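Colleague: Got structure.csv for you, CSV, C-alpha atoms and all ligand atoms:
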chain,number,residue,atom,x,y,z
A,1,MET,CA,-10.1,23.1,-1.9
A,2,LYS,CA,-8.7,20.6,-4.4
A,3,LYS,CA,-7.5,17.4,-2.7
A,4,PRO,CA,-4.2,16.0,-3.7
A,5,PHE,CA,-3.8,13.0,-6.1
A,6,PHE,CA,-2.9,9.9,-4.2
A,7,VAL,CA,-1.8,6.3,-4.7
A,8,LEU,CA,-3.2,3.8,-2.2
A,9,CYS,CA,-1.9,0.3,-1.7
A,10,VAL,CA,-4.5,-1.9,0.0
A,11,ILE,CA,-2.8,-5.0,1.5
A,12,GLY,CA,-4.3,-7.9,3.4
A,13,ARG,CA,-4.5,-11.7,3.7
A,14,SER,CA,-6.9,-13.5,1.4
A,15,GLY,CA,-10.3,-13.2,2.9
A,16,SER,CA,-9.6,-9.8,4.5
A,17,GLY,CA,-12.2,-8.2,2.4
A,18,LYS,CA,-9.8,-5.8,0.7
A,19,GLY,CA,-11.7,-6.2,-2.6
A,20,THR,CA,-15.0,-5.1,-0.9
A,21,GLN,CA,-13.2,-2.1,0.7
A,22,VAL,CA,-11.7,-1.0,-2.7
A,23,GLU,CA,-15.2,-1.3,-4.2
A,24,MET,CA,-16.7,0.8,-1.4
A,25,LEU,CA,-14.0,3.4,-1.9
A,26,GLN,CA,-14.6,3.6,-5.6
A,27,ASN,CA,-18.3,4.1,-5.0
A,28,LYS,CA,-17.5,7.1,-2.8
A,29,ILE,CA,-14.6,8.7,-4.7
A,30,LYS,CA,-15.3,9.7,-8.3
A,31,GLY,CA,-12.2,9.2,-10.6
A,32,LEU,CA,-10.5,6.7,-8.3
A,33,VAL,CA,-9.0,4.1,-10.6
A,34,HIS,CA,-8.4,0.6,-9.5
A,35,ILE,CA,-5.3,-1.1,-11.1
A,36,THR,CA,-4.7,-4.7,-11.0
A,37,THR,CA,-1.4,-6.1,-12.2
A,38,SER,CA,-3.1,-9.0,-14.0
A,39,ASP,CA,-5.1,-6.6,-16.2
A,40,LEU,CA,-1.8,-4.8,-17.2
A,41,LEU,CA,-0.1,-8.1,-17.9
A,42,LYS,CA,-3.0,-9.3,-20.1
A,43,LYS,CA,-2.5,-6.1,-22.2
A,44,PHE,CA,1.2,-6.6,-22.3
A,45,ILE,CA,0.9,-10.1,-23.5
A,46,LYS,CA,-1.5,-9.0,-26.3
A,47,ARG,CA,1.2,-6.6,-27.6
A,48,GLY,CA,3.2,-9.6,-28.5
A,49,GLY,CA,7.0,-10.1,-28.8
A,50,LEU,CA,9.4,-12.6,-27.4
A,51,PHE,CA,9.3,-11.4,-23.8
A,52,ALA,CA,5.6,-11.2,-23.8
A,53,LYS,CA,5.4,-14.8,-25.0
A,54,ARG,CA,7.7,-16.0,-22.2
A,55,VAL,CA,5.6,-14.1,-19.6
A,56,ASP,CA,2.4,-15.7,-21.0
A,57,GLN,CA,4.0,-19.2,-20.7
A,58,GLU,CA,5.2,-18.7,-17.2
A,59,MET,CA,1.8,-17.3,-16.1
A,60,LYS,CA,0.0,-20.2,-17.6
A,61,GLN,CA,2.1,-22.5,-15.4
A,62,GLY,CA,1.1,-20.4,-12.4
A,63,HIS,CA,4.5,-18.8,-12.0
A,64,ALA,CA,5.0,-15.3,-10.8
A,65,VAL,CA,6.3,-12.7,-13.2
A,66,PRO,CA,9.4,-10.6,-12.3
A,67,SER,CA,8.5,-7.6,-10.1
A,68,SER,CA,10.5,-5.4,-12.4
A,69,LEU,CA,8.1,-6.1,-15.3
A,70,ALA,CA,5.0,-5.4,-13.2
A,71,ILE,CA,6.4,-2.1,-12.0
A,72,GLU,CA,7.5,-1.1,-15.5
A,73,LEU,CA,3.9,-1.7,-16.7
A,74,TRP,CA,2.4,0.4,-13.9
A,75,MET,CA,4.6,3.4,-14.7
A,76,ASP,CA,3.0,4.3,-18.0
A,77,VAL,CA,-0.4,4.0,-16.5
A,78,LEU,CA,0.5,6.0,-13.4
A,79,LEU,CA,2.0,8.8,-15.4
A,80,ASP,CA,-1.2,9.2,-17.3
A,81,LEU,CA,-3.5,8.8,-14.3
A,82,SER,CA,-1.6,11.3,-12.1
A,83,LYS,CA,-2.7,13.9,-14.6
A,84,ASN,CA,-6.3,12.7,-15.2
A,85,ALA,CA,-7.5,10.7,-12.2
A,86,ARG,CA,-8.4,11.6,-8.6
A,87,GLY,CA,-6.3,8.8,-7.3
A,88,VAL,CA,-5.2,5.2,-7.9
A,89,VAL,CA,-5.8,2.2,-5.7
A,90,TRP,CA,-3.9,-1.0,-5.9
A,91,GLU,CA,-5.3,-4.1,-4.4
A,92,GLY,CA,-2.8,-6.7,-3.1
A,93,SER,CA,0.4,-4.8,-4.0
A,94,PRO,CA,3.2,-4.6,-3.0
A,95,ARG,CA,3.5,-8.4,-2.6
A,96,THR,CA,7.1,-8.3,-1.4
A,97,LEU,CA,9.6,-6.0,0.4
A,98,LEU,CA,11.4,-5.6,-2.9
A,99,GLU,CA,8.2,-4.4,-4.6
A,100,ALA,CA,7.5,-2.0,-1.8
A,101,GLU,CA,11.0,-0.5,-2.2
A,102,VAL,CA,10.8,-0.3,-5.9
A,103,MET,CA,7.3,1.3,-5.7
A,104,ASP,CA,8.7,3.9,-3.3
A,105,ASP,CA,11.3,4.7,-5.9
A,106,ALA,CA,9.1,4.6,-9.0
A,107,VAL,CA,5.8,6.0,-7.9
A,108,PRO,CA,7.1,9.4,-6.7
A,109,PHE,CA,9.2,9.6,-9.9
A,110,THR,CA,6.1,9.3,-12.1
A,111,THR,CA,3.4,10.9,-10.0
A,112,GLY,CA,5.2,13.1,-7.5
A,113,VAL,CA,3.6,11.4,-4.5
A,114,GLN,CA,4.6,8.5,-2.3
A,115,PRO,CA,2.3,5.4,-2.1
A,116,VAL,CA,0.1,5.2,1.0
A,117,PRO,CA,0.0,1.7,2.3
A,118,VAL,CA,-3.2,0.5,4.0
A,119,TYR,CA,-3.3,-2.9,5.8
A,120,ILE,CA,-6.6,-4.5,6.4
A,121,ASP,CA,-5.7,-6.7,9.4
A,122,ILE,CA,-7.2,-10.1,10.0
A,123,SER,CA,-5.5,-13.0,11.8
A,124,ASP,CA,-4.6,-16.3,10.1
A,125,ALA,CA,-7.3,-18.0,12.0
A,126,GLU,CA,-10.0,-15.5,10.8
A,127,ALA,CA,-8.7,-15.8,7.2
A,128,LYS,CA,-9.0,-19.6,7.3
A,129,LYS,CA,-12.5,-19.4,8.8
A,130,ARG,CA,-13.7,-17.0,6.1
A,131,LEU,CA,-12.1,-18.7,3.2
A,132,LEU,CA,-13.5,-22.1,4.0
A,133,LYS,CA,-16.9,-20.5,4.1
A,134,ARG,CA,-16.5,-18.4,0.9
A,135,LEU,CA,-18.8,-18.8,-2.1
A,136,VAL,CA,-18.3,-17.5,-5.6
A,137,CYS,CA,-20.7,-17.2,-8.5
A,138,VAL,CA,-20.0,-19.6,-11.4
A,139,LYS,CA,-21.2,-17.1,-14.0
A,140,CYS,CA,-19.9,-13.7,-13.0
A,141,LYS,CA,-17.1,-14.9,-10.5
A,142,GLU,CA,-18.4,-12.4,-7.9
A,143,VAL,CA,-17.5,-13.4,-4.4
A,144,VAL,CA,-20.6,-13.5,-2.0
A,145,PRO,CA,-20.0,-10.7,0.5
A,146,TYR,CA,-19.1,-12.2,3.9
A,147,LYS,CA,-22.0,-10.6,5.7
A,148,LEU,CA,-24.6,-12.3,3.4
A,149,LEU,CA,-23.2,-15.8,4.1
A,150,ASP,CA,-25.3,-16.2,7.3
A,151,SER,CA,-28.5,-16.0,5.3
A,152,HIS,CA,-27.2,-19.1,3.3
A,153,PRO,CA,-27.7,-17.7,-0.2
A,154,LYS,CA,-28.4,-20.1,-3.0
A,155,THR,CA,-27.8,-17.9,-6.0
A,156,CYS,CA,-25.7,-14.9,-6.9
A,157,SER,CA,-27.3,-11.6,-5.9
A,158,PHE,CA,-25.8,-9.9,-9.0
A,159,CYS,CA,-26.7,-12.2,-11.8
A,160,GLY,CA,-28.6,-15.1,-10.3
A,161,GLY,CA,-25.9,-17.6,-11.1
A,162,ALA,CA,-25.2,-20.7,-9.0
A,163,LEU,CA,-22.8,-20.4,-6.1
A,164,ILE,CA,-19.8,-22.7,-5.6
A,165,ARG,CA,-16.7,-22.9,-3.5
A,166,ARG,CA,-13.5,-21.9,-5.2
A,167,LEU,CA,-11.2,-24.8,-6.0
A,168,ASP,CA,-8.3,-23.1,-4.3
A,169,ASP,CA,-10.4,-22.4,-1.2
A,170,ASN,CA,-9.3,-25.7,0.3
A,171,PRO,CA,-7.4,-26.1,3.5
A,172,LYS,CA,-4.1,-26.9,1.8
A,173,SER,CA,-4.1,-24.0,-0.6
A,174,ILE,CA,-5.4,-21.6,2.1
A,175,LEU,CA,-2.4,-22.6,4.3
A,176,GLU,CA,-0.1,-22.0,1.4
A,177,ARG,CA,-1.5,-18.6,0.8
A,178,LEU,CA,-1.2,-17.6,4.4
A,179,ARG,CA,2.3,-18.9,4.6
A,180,TYR,CA,3.2,-16.8,1.5
A,181,PHE,CA,1.7,-13.8,3.1
A,182,ARG,CA,3.7,-14.2,6.3
A,183,ARG,CA,7.0,-14.9,4.4
A,184,LEU,CA,6.8,-12.3,1.7
A,185,VAL,CA,4.2,-9.7,2.4
A,186,VAL,CA,4.7,-9.2,6.2
A,187,PRO,CA,8.3,-7.9,5.7
A,188,ALA,CA,6.9,-5.1,3.5
A,189,LEU,CA,4.4,-4.3,6.2
A,190,VAL,CA,7.1,-4.2,8.8
A,191,TRP,CA,9.2,-1.9,6.6
A,192,TYR,CA,6.4,0.5,6.2
A,193,GLN,CA,5.7,0.4,9.9
A,194,LYS,CA,9.3,1.3,10.8
A,195,GLN,CA,8.8,4.4,8.7
A,196,LYS,CA,5.5,5.1,10.6
A,197,ARG,CA,3.5,5.2,7.3
A,198,LEU,CA,1.4,2.1,7.6
A,199,ILE,CA,-2.3,2.6,8.1
A,200,VAL,CA,-3.6,-0.4,10.0
A,201,ILE,CA,-7.4,-1.1,9.9
A,202,ASN,CA,-9.0,-3.8,12.0
A,203,GLY,CA,-10.5,-6.1,9.3
A,204,GLU,CA,-12.3,-8.3,11.8
A,205,GLN,CA,-15.4,-6.1,11.9
A,206,PRO,CA,-18.4,-5.9,9.6
A,207,ALA,CA,-17.4,-4.4,6.2
A,208,ASP,CA,-19.2,-1.1,7.0
A,209,ALA,CA,-17.3,-0.6,10.2
A,210,VAL,CA,-14.0,-1.4,8.4
A,211,PHE,CA,-14.9,1.2,5.8
A,212,LYS,CA,-15.7,3.8,8.4
A,213,ASP,CA,-12.2,3.3,9.9
A,214,PHE,CA,-10.6,3.3,6.5
A,215,TRP,CA,-12.4,6.6,5.5
A,216,ALA,CA,-11.4,8.2,8.8
A,217,ALA,CA,-7.8,7.3,8.3
A,218,LEU,CA,-7.8,8.9,4.8
A,219,LYS,CA,-9.5,12.0,6.2
A,220,ARG,CA,-6.8,12.4,8.9
A,221,ARG,CA,-4.2,12.3,6.1
A,222,LYS,CA,-6.2,15.0,4.2
A,223,LEU,CA,-6.5,12.7,1.2
A,224,VAL,CA,-10.3,12.8,1.1
B,301,ZN,ZN,-23.1,-13.8,-10.5
Hey, can you dump this file as structure tokens for me?

Modeller:
Amino acid sequence: MKKPFFVLCVIGRSGSGKGTQVEMLQNKIKGLVHITTSDLLKKFIKRGGLFAKRVDQEMKQGHAVPSSLAIELWMDVLLDLSKNARGVVWEGSPRTLLEAEVMDDAVPFTTGVQPVPVYIDISDAEAKKRLLKRLVCVKCKEVVPYKLLDSHPKTCSFCGGALIRRLDDNPKSILERLRYFRRLVVPALVWYQKQKRLIVINGEQPADAVFKDFWAALKRRKLV
């Protein structure tokens, strides 16, 4: 039987391993498209125009762009994908309650389905511990999978590049990111929870176990 098209939102603190989970999901589901807002914004800026210029300037200063723009950009892509892809997965969106509400309005409008929010749950303490240990490749920017850290790798397993700590993986910036999560993202999670829609996965297990739970949850909802 043909499975329905779906839109997944994978949410979690920095260090929760949501990127790894999305990758594992893509390896298993053919035609699952991963959207990142930053890719769409890059394309938007390339198109030029006054507004695009402004967005470019703001982003270069590290400022967030208006949610309305991000959502607008997703709509075109979603419309197309809902006809041609098996599903869409968003990593790290929605970032606020407002975005969650607007997505709930816009996603069914373009695709006919409601977004499915999945929360990879790790505590603040666990996030801090992981991020302080995290290593990335200077060449390909790939993050060393958490489970490989215990073997103290010296080079990137993908390209052989040198491994470094990310500049923003310092205690101050980590605390800031966790505070942001609590203040802005958690209200969106609570909102989903009130509607009994939030899929919560225990992220403090090995990646394979997290994925097993993730997969089982999607199966229960008859999405895979
Ligand atoms: Zn590399």

Colleague: Between A:Leu132, A:Ile11, A:Cys156, A:Val185, which is the closest to ligand ZN 301 (chain B) once you count all atoms listed in the file?

Modeller: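 Among the listed residues, A:Cys156 lies closest to ligand ZN 301 (chain B).
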
Colleague: A:Gln193, A:Val144, A:Leu73, A:Gly160: which is nearest Ala52 (chain A), counting all atoms listed in the file?

Modeller: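 Of A:Gln193, A:Val144, A:Leu73, A:Gly160, the one nearest Ala52 (chain A) is A:Leu73, counting all atoms listed in the file.
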
Colleague: List as a list in words: which residues have an atom within 12 Å of (-22.4, -11.9, 1.2), counting only C-alpha atoms?

Modeller: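 So the residues meeting the distance criterion are Gly17, Thr20, Arg130, Lys133, Arg134, Leu135, Val136, Cys137, Glu142, Val143, Val144, Pro145, Tyr146, Lys147, Leu148, Leu149, Asp150, Ser151, His152, Pro153, Lys154, Thr155, Cys156, Ser157, Phe158, Leu163, Pro206 and Ala207 of chain A.
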
Colleague: Could you tell me which of A:Gly161, A:Pro117, A:Gly12, A:Pro108 comes closest to ligand ZN 301 (chain B) if we count all atoms listed in the file?

Modeller: A:Gly161

Colleague: Ranking A:Asp39, A:Lys129, A:Cys9, A:Gly62 by minimum distance to Tyr192 (chain A) and counting all atoms listed in the file, which one comes first?

Modeller: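 Checking each of A:Asp39, A:Lys129, A:Cys9, A:Gly62 against Tyr192 (chain A), counting all atoms listed in the file, the winner is A:Cys9.
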
Colleague: Give the answer as one residue: which of A:Ala217, A:Leu40, A:Ala70, A:Val138 has the shortest atom-to-atom distance to ligand ZN 301 (chain B), using all atoms listed in the file?

Modeller: A:Val138

Colleague: May I have the protein, DNA and RNA residues with any atom at most 12 Å from the point (-14.8, -0.5, 0.5), counting all atoms listed in the file, written as a PyMOL selection string?

Modeller: chain A and resi 10+16-29+34+89+91+120+145+201+203+206-215

Colleague: In Å, rounded to a single decimal, give me how far CA of Ala64 (chain A) is from CA of Arg166 (chain A).

Modeller: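 So the two atoms, CA of Arg166 (chain A) and CA of Ala64 (chain A), lie 20.4 Å apart.
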